[in-house]
$ cat start-v5.txt   # compact mmCIF, C-alpha atoms
# COMPACT_ATOMS: atom_id res chain seq x y z
CA ARG Z 25 143.34 128.83 25.50
CA ALA Z 26 140.24 131.02 25.99
CA GLU Z 27 138.24 129.34 23.24
CA ASN Z 28 138.66 125.99 25.01
CA TYR Z 29 137.69 127.32 28.44
CA PRO Z 30 134.21 126.27 29.69
CA LYS Z 31 131.70 129.06 29.12
CA ASP Z 32 129.94 128.42 32.41
CA LYS Z 33 133.05 129.53 34.41
CA PRO Z 34 133.54 133.24 35.22
CA LEU Z 35 136.31 135.08 33.41
CA ASP Z 36 138.24 135.82 36.62
CA HIS Z 37 138.47 132.07 37.29
CA PHE Z 38 139.90 131.61 33.83
CA ILE Z 39 142.55 134.28 34.43
CA PHE Z 40 143.62 132.80 37.78
CA ASP Z 41 143.80 129.30 36.31
CA GLN Z 42 146.07 130.57 33.53
CA ILE Z 43 148.33 132.32 36.05
CA ALA Z 44 148.62 129.07 37.98
CA VAL Z 45 149.65 127.23 34.82
CA LEU Z 46 152.28 129.87 34.02
CA THR Z 47 153.59 129.72 37.59
CA GLU Z 48 154.04 125.95 37.39
CA ASP Z 49 155.77 126.32 34.00
CA GLU Z 50 158.13 128.87 35.54
CA LYS Z 51 158.89 126.53 38.44
CA ASP Z 52 159.73 123.73 36.01
CA SER Z 53 161.94 126.08 34.00
CA ASN Z 54 163.79 127.27 37.11
CA SER Z 55 164.24 123.68 38.26
CA ARG Z 56 165.76 122.71 34.92
CA LYS Z 57 167.97 125.79 35.04
CA ARG Z 58 169.25 124.88 38.51
CA GLY Z 59 170.05 121.42 37.23
CA ARG Z 60 172.30 122.97 34.61
CA GLU Z 61 174.05 125.32 37.04
CA LYS Z 62 177.63 124.54 37.91
CA ALA Z 63 178.30 123.54 41.50
CA LEU Z 64 180.74 125.28 43.79
CA GLN Z 65 183.86 123.09 43.99
CA ILE Z 66 186.23 122.57 46.90
CA GLY Z 67 189.52 121.04 45.80
CA TYR Z 68 191.99 119.34 48.13
CA TRP Z 69 193.79 116.09 48.79
CA LYS Z 70 191.55 113.14 49.64
CA ILE Z 71 192.02 113.71 53.36
CA ARG Z 72 190.53 115.96 56.01
CA GLY Z 73 193.41 118.42 56.32
CA LEU Z 74 192.71 122.01 55.30
CA SER Z 75 189.54 121.07 53.44
CA ALA Z 76 187.69 119.84 56.52
CA PRO Z 77 186.70 123.35 57.71
CA LEU Z 78 185.46 124.21 54.21
CA ARG Z 79 183.37 121.06 53.91
CA MET Z 80 181.95 121.58 57.40
CA MET Z 81 180.95 125.14 56.54
CA CYS Z 82 178.98 123.91 53.54
CA PHE Z 83 177.21 121.28 55.62
CA TYR Z 84 176.49 123.73 58.43
CA SER Z 85 175.10 126.40 56.11
CA GLY Z 86 172.78 123.93 54.40
CA TYR Z 87 174.15 124.84 50.98
CA ASP Z 88 173.87 121.76 48.78
CA ASN Z 89 175.08 122.96 45.37
CA TRP Z 90 178.71 122.07 46.01
CA LYS Z 91 181.04 119.15 45.52
CA SER Z 92 184.36 118.06 46.93
CA VAL Z 93 187.08 117.46 44.33
CA ASP Z 94 189.47 115.06 46.05
CA TYR Z 95 192.98 114.32 44.78
CA PRO Z 96 194.30 110.98 46.08
CA VAL Z 97 197.92 110.52 47.12
CA THR Z 98 199.45 107.04 46.92
CA LEU Z 99 202.84 105.72 47.94
CA LYS Z 100 205.42 104.57 45.42
CA PRO Z 101 207.37 101.35 46.11
CA ASP Z 102 210.17 103.43 47.64
CA GLY Z 103 207.74 105.07 50.06
CA THR Z 104 207.67 108.49 48.42
CA PRO Z 105 204.30 110.09 47.66
CA GLU Z 106 202.70 109.98 44.21
CA LYS Z 107 200.83 113.27 43.67
CA GLU Z 108 200.25 113.25 39.90
CA SER Z 109 196.49 113.54 40.37
CA TRP Z 110 197.04 117.17 41.32
CA PHE Z 111 200.38 118.36 39.98
CA LYS Z 112 200.19 116.78 36.52
CA LYS Z 113 196.50 116.19 35.82
CA ALA Z 114 194.70 119.13 37.42
CA LYS Z 115 196.96 122.05 38.35
CA PRO Z 116 198.32 122.81 34.82
CA ASP Z 117 194.83 123.69 33.59
CA LEU Z 118 193.72 125.58 36.70
CA ILE Z 119 196.88 127.67 36.79
CA LYS Z 120 195.83 129.24 33.50
CA THR Z 121 192.90 130.84 35.31
CA ASN Z 122 194.65 131.65 38.59
CA PRO Z 123 198.48 131.56 38.59
CA LEU Z 124 198.40 131.36 42.42
CA VAL Z 125 196.28 128.22 42.57
CA ASN Z 126 197.20 125.62 45.15
CA LEU Z 127 195.37 123.25 47.49
CA PRO Z 128 192.90 123.97 48.90
CA TYR Z 129 191.01 125.93 46.31
CA ILE Z 130 187.44 126.93 45.64
CA ILE Z 131 185.93 127.27 42.18
CA THR Z 132 182.79 129.38 42.33
CA GLU Z 133 179.71 128.66 40.25
CA GLU Z 134 180.86 131.48 37.98
CA GLY Z 135 184.25 129.82 37.44
CA GLU Z 136 186.42 132.10 39.59
CA ILE Z 137 189.21 130.28 41.42
CA ILE Z 138 190.03 131.22 45.02
CA THR Z 139 193.08 129.73 46.69
CA GLN Z 140 194.98 129.80 50.01
CA SER Z 141 193.27 128.21 53.00
CA VAL Z 142 192.55 131.38 55.00
CA ALA Z 143 191.19 133.11 51.89
CA CYS Z 144 188.93 130.12 51.18
CA ILE Z 145 187.59 130.03 54.75
CA THR Z 146 187.00 133.78 54.69
CA TYR Z 147 185.22 133.56 51.34
CA LEU Z 148 182.79 130.92 52.61
CA GLY Z 149 182.42 132.89 55.84
CA GLN Z 150 181.29 135.94 53.91
CA ARG Z 151 179.14 133.96 51.54
CA PHE Z 152 177.35 131.97 54.25
CA ASP Z 153 177.17 134.86 56.74
CA LEU Z 154 179.59 133.18 59.14
CA LEU Z 155 181.85 136.10 60.05
CA GLY Z 156 179.80 137.32 62.99
CA SER Z 157 177.16 139.99 63.40
CA ASP Z 158 179.70 142.81 63.83
CA ASN Z 159 180.89 143.61 60.32
CA SER Z 160 182.76 146.76 61.34
CA PRO Z 161 186.54 146.84 60.71
CA ALA Z 162 187.14 145.98 64.37
CA GLY Z 163 184.59 143.16 64.29
CA LEU Z 164 186.09 141.63 61.18
CA ALA Z 165 189.54 141.92 62.75
CA VAL Z 166 188.35 139.81 65.69
CA SER Z 167 187.28 137.11 63.26
CA HIS Z 168 190.52 137.29 61.33
CA GLN Z 169 192.84 137.17 64.34
CA THR Z 170 191.17 134.07 65.79
CA LEU Z 171 191.27 132.42 62.37
CA LEU Z 172 195.00 133.10 62.01
CA GLU Z 173 195.69 131.91 65.55
CA ALA Z 174 194.03 128.61 64.66
CA HIS Z 175 196.08 128.50 61.47
CA ASP Z 176 199.30 128.90 63.47
CA LEU Z 177 198.28 125.80 65.40
CA ARG Z 178 197.70 124.00 62.10
CA ASN Z 179 201.17 124.93 60.81
CA SER Z 180 202.83 123.55 63.94
CA ALA Z 181 200.75 120.36 63.75
CA VAL Z 182 201.89 119.73 60.17
CA LYS Z 183 205.53 119.74 61.32
CA ALA Z 184 204.69 117.07 63.89
CA PHE Z 185 202.33 114.93 61.81
CA TYR Z 186 204.47 114.89 58.67
CA PHE Z 187 208.03 115.38 59.93
CA GLY Z 188 207.97 114.13 63.52
CA GLN Z 189 208.72 117.49 65.16
CA ILE Z 190 206.62 116.56 68.19
CA ASP Z 191 208.36 118.63 70.86
CA GLY Z 192 207.73 121.87 69.01
CA TYR Z 193 204.11 120.95 68.47
CA LEU Z 194 203.57 120.10 72.14
CA LYS Z 195 204.93 123.52 73.10
CA THR Z 196 202.62 125.18 70.59
CA VAL Z 197 199.66 123.20 71.93
CA GLY Z 198 200.36 124.43 75.46
CA LYS Z 199 200.66 128.07 74.37
CA THR Z 200 197.78 128.11 71.88
CA TYR Z 201 195.34 126.14 74.01
CA SER Z 202 196.07 128.48 76.95
CA LYS Z 203 195.36 131.48 74.73
CA PHE Z 204 192.03 130.13 73.55
CA GLU Z 205 191.12 129.00 77.08
CA SER Z 206 191.55 132.59 78.28
CA TRP Z 207 189.87 133.97 75.17
CA LEU Z 208 186.71 131.95 75.79
CA SER Z 209 186.72 132.97 79.44
CA SER Z 210 186.98 136.67 78.63
CA ARG Z 211 184.48 136.63 75.75
CA LYS Z 212 181.86 134.68 77.71
CA THR Z 213 180.44 133.31 74.46
CA LYS Z 214 179.71 129.71 73.55
CA PHE Z 215 182.02 129.87 70.55
CA LEU Z 216 184.97 132.07 69.60
CA ILE Z 217 183.04 135.18 68.61
CA GLU Z 218 179.36 134.58 69.34
CA ASP Z 219 177.01 131.94 70.69
CA THR Z 220 176.75 130.44 67.22
CA PRO Z 221 179.73 129.21 65.17
CA THR Z 222 181.59 131.55 62.84
CA ALA Z 223 184.30 130.83 60.27
CA PRO Z 224 187.28 130.54 62.65
CA ASP Z 225 185.44 127.98 64.78
CA PHE Z 226 185.48 125.46 61.95
CA HIS Z 227 189.25 125.79 61.56
CA LEU Z 228 189.99 125.66 65.29
CA TRP Z 229 187.67 122.75 65.97
CA GLU Z 230 189.28 120.65 63.25
CA MET Z 231 192.70 121.20 64.80
CA LEU Z 232 191.38 120.40 68.28
CA ASP Z 233 189.88 117.17 66.97
CA GLN Z 234 193.12 116.19 65.27
CA GLY Z 235 194.91 117.03 68.51
CA GLU Z 236 192.62 114.66 70.40
CA ILE Z 237 193.24 111.86 67.92
CA PHE Z 238 197.00 112.47 68.11
CA SER Z 239 197.17 112.67 71.90
CA THR Z 240 194.96 109.69 72.71
CA SER Z 241 195.83 107.42 69.78
CA GLU Z 242 199.25 108.20 68.37
CA LEU Z 243 200.84 109.20 71.68
CA LYS Z 244 198.95 106.35 73.42
CA ARG Z 245 197.72 108.65 76.18
CA GLN Z 246 194.70 107.92 78.29
CA PRO Z 247 191.61 110.11 77.76
CA SER Z 248 192.44 111.91 81.01
CA GLN Z 249 195.77 112.88 79.44
CA SER Z 250 194.30 114.32 76.25
CA PHE Z 251 195.40 117.78 75.22
CA LEU Z 252 192.01 119.20 76.24
CA ALA Z 253 191.90 117.60 79.70
CA GLN Z 254 193.40 120.62 81.46
CA TYR Z 255 191.42 123.26 79.56
CA PRO Z 256 187.79 123.14 80.75
CA ASN Z 257 186.54 126.03 78.59
CA LEU Z 258 188.13 124.58 75.50
CA GLN Z 259 186.84 121.10 76.35
CA ARG Z 260 183.28 122.43 76.63
CA TYR Z 261 183.74 124.38 73.39
CA TYR Z 262 184.98 121.24 71.62
CA GLU Z 263 182.02 119.18 72.82
CA ASP Z 264 179.45 121.87 72.02
CA PHE Z 265 180.69 122.19 68.46
CA ARG Z 266 180.69 118.42 67.96
CA ALA Z 267 177.08 118.27 69.11
CA LEU Z 268 175.77 120.89 66.66
CA PRO Z 269 172.66 119.44 64.95
CA LYS Z 270 173.56 121.16 61.68
CA LEU Z 271 176.78 119.13 61.52
CA LYS Z 272 175.26 115.76 62.31
CA THR Z 273 175.20 114.80 58.63
CA TYR Z 274 178.84 115.82 58.21
CA PHE Z 275 180.01 113.69 61.11
CA GLU Z 276 178.12 110.75 59.65
CA SER Z 277 179.63 111.29 56.19
CA ASP Z 278 182.70 109.77 54.58
CA TYR Z 279 184.40 113.19 54.68
CA TYR Z 280 184.79 112.93 58.44
CA LYS Z 281 186.13 109.41 58.06
CA TYR Z 282 188.95 110.48 55.72
CA ASP Z 283 192.45 110.21 57.15
CA CYS Z 284 193.63 113.45 58.70
CA ASN Z 285 196.85 113.46 56.68
CA ASN Z 286 198.31 111.94 53.53
CA PRO Z 287 199.91 108.46 53.63
CA HIS Z 288 203.50 109.72 53.57
CA ALA Z 289 202.99 111.55 56.86
CA GLN Z 290 204.64 110.04 59.91
CA PHE Z 291 201.20 110.18 61.51
CA PRO Z 292 198.47 109.78 58.84
CA MET Z 293 195.95 109.41 61.69
CA PRO Z 294 193.35 107.18 60.06
CA TYR Z 295 189.76 107.35 61.19
CA LYS Z 296 188.95 105.13 64.15
CA SER Z 297 185.30 104.77 65.10
CA LYS Z 298 186.09 104.47 68.80
CA LEU Z 299 187.45 108.03 68.92
$ encode --input "start-v5.txt" --output "structure tokens"
Amino acid sequence: RAENYPKDKPLDHFIFDQIAVLTEDEKDSNSRKRGREKALQIGYWKIRGLSAPLRMMCFYSGYDNWKSVDYPVTLKPDGTPEKESWFKKAKPDLIKTNPLVNLPYIITEEGEIITQSVACITYLGQRFDLLGSDNSPAGLAVSHQTLLEAHDLRNSAVKAFYFGQIDGYLKTVGKTYSKFESWLSSRKTKFLIEDTPTAPDFHLWEMLDQGEIFSTSELKRQPSQSFLAQYPNLQRYYEDFRALPKLKTYFESDYYKYDCNNPHAQFPMPYKSKL
């Protein structure tokens, strides 16, 4: 208050002091407001699966107002999966907001629910500026086609990991890895679209990593017989992504140590520190 301000100080000092006090009060108010804000939520099974690219994108972007909502799957005595945590306890309420909701999903800070894995990756890509510098229709199409190509690899992997359809997966690996090997050669970029990662890189890298675990651990191959061994561009790409400083915290987190698949899969592929 002015009447309490020392008379021997100039008036302009008094004004600046009061502004400083108001600024600090505003900072405290904003801090309290942020504490009350809802966090962005990423919902999925308590595994890596289709949520791994989404979690990685959050870590890479440095966005910290998010949380992972993980639904555990257990095995019943007869070996069948118990999925009540999602189907009975969570989905009935969420479906009232979005009738399409499935896993994975994203709930924004404003409460909007986004579902379907490609839609979720694209949403975070747009939000975190991870769709590349060319936002023309053609540029966005490049991002989308590489993302869907990676998703085709994911769909084939699921048939192998959960249902034992290994032969089909091995054929898909050969075709898809050859495509991306040639793609990287023709693009002459460090990652799929640019020299920095974009949304499809997070999806592809996760599937390459699961492929390495599967080939060297589940198929009992030697490292020289890994899926990547005969694809030098893709091998370099895989190693460069793994070494990204912005993902160091993710690779040290429990999220990376989750099993790749649920326990009823023929190949759950649990985390092994030696890999």
$ atom_distance --input "start-v5.txt" --atom1 "atom CA of Pro292 of chain Z" --atom2 "atom CA of Phe111 of chain Z"
20.8 Å
$ atom_distance --input "start-v5.txt" --atom1 "atom CA of Tyr193 of chain Z" --atom2 "atom CA of Leu268 of chain Z"
28.4 Å
$ residues_near_point --input "start-v5.txt" --point "(185.7, 124.5, 54.8)" --cutoff "10 Å" --atoms "only C-alpha atoms" --output "ChimeraX atom specification"
/Z:66,72-84,128,130,141-142,144-149,223,226-227,230
$ closest_residue --input "start-v5.txt" --among "Z:Ser157, Z:Ala253, Z:Lys214, Z:Pro96" --to "Thr240 of chain Z" --atoms "all atoms listed in the file"
Z:Ala253
$ atom_distance --input "start-v5.txt" --atom1 "atom CA of Asp283 of chain Z" --atom2 "atom CA of Pro105 of chain Z"
15.2 Å
$ closest_residue --input "start-v5.txt" --among "Z:Ile217, Z:Met293, Z:Met231, Z:Leu243" --to "Ala165 of chain Z" --atoms "all atoms listed in the file"
Z:Ile217
$ closest_residue --input "start-v5.txt" --among "Z:Ala174, Z:Leu164, Z:Ala63, Z:Val182" --to "Ile131 of chain Z" --atoms "all atoms listed in the file"
Z:Ala63
$ closest_residue --input "start-v5.txt" --among "Z:Ser85, Z:Gln189, Z:Thr200, Z:Gln290" --to "Pro221 of chain Z" --atoms "all atoms listed in the file"
Z:Ser85
$ closest_residue --input "start-v5.txt" --among "Z:Pro116, Z:Pro224, Z:Pro294, Z:Gly198" --to "Gln254 of chain Z" --atoms "only C-alpha atoms"
Z:Gly198
$ closest_residue --input "start-v5.txt" --among "Z:Asp191, Z:Glu136, Z:Asp278, Z:Glu263" --to "Ser92 of chain Z" --atoms "only C-alpha atoms"
Z:Asp278
$ residues_around --input "start-v5.txt" --residues "Leu64 of chain Z" --least-positions-apart "6" --cutoff "7 Å" --atoms "only C-alpha atoms" --output "ChimeraX atom specification"
/Z:89-91,131-133
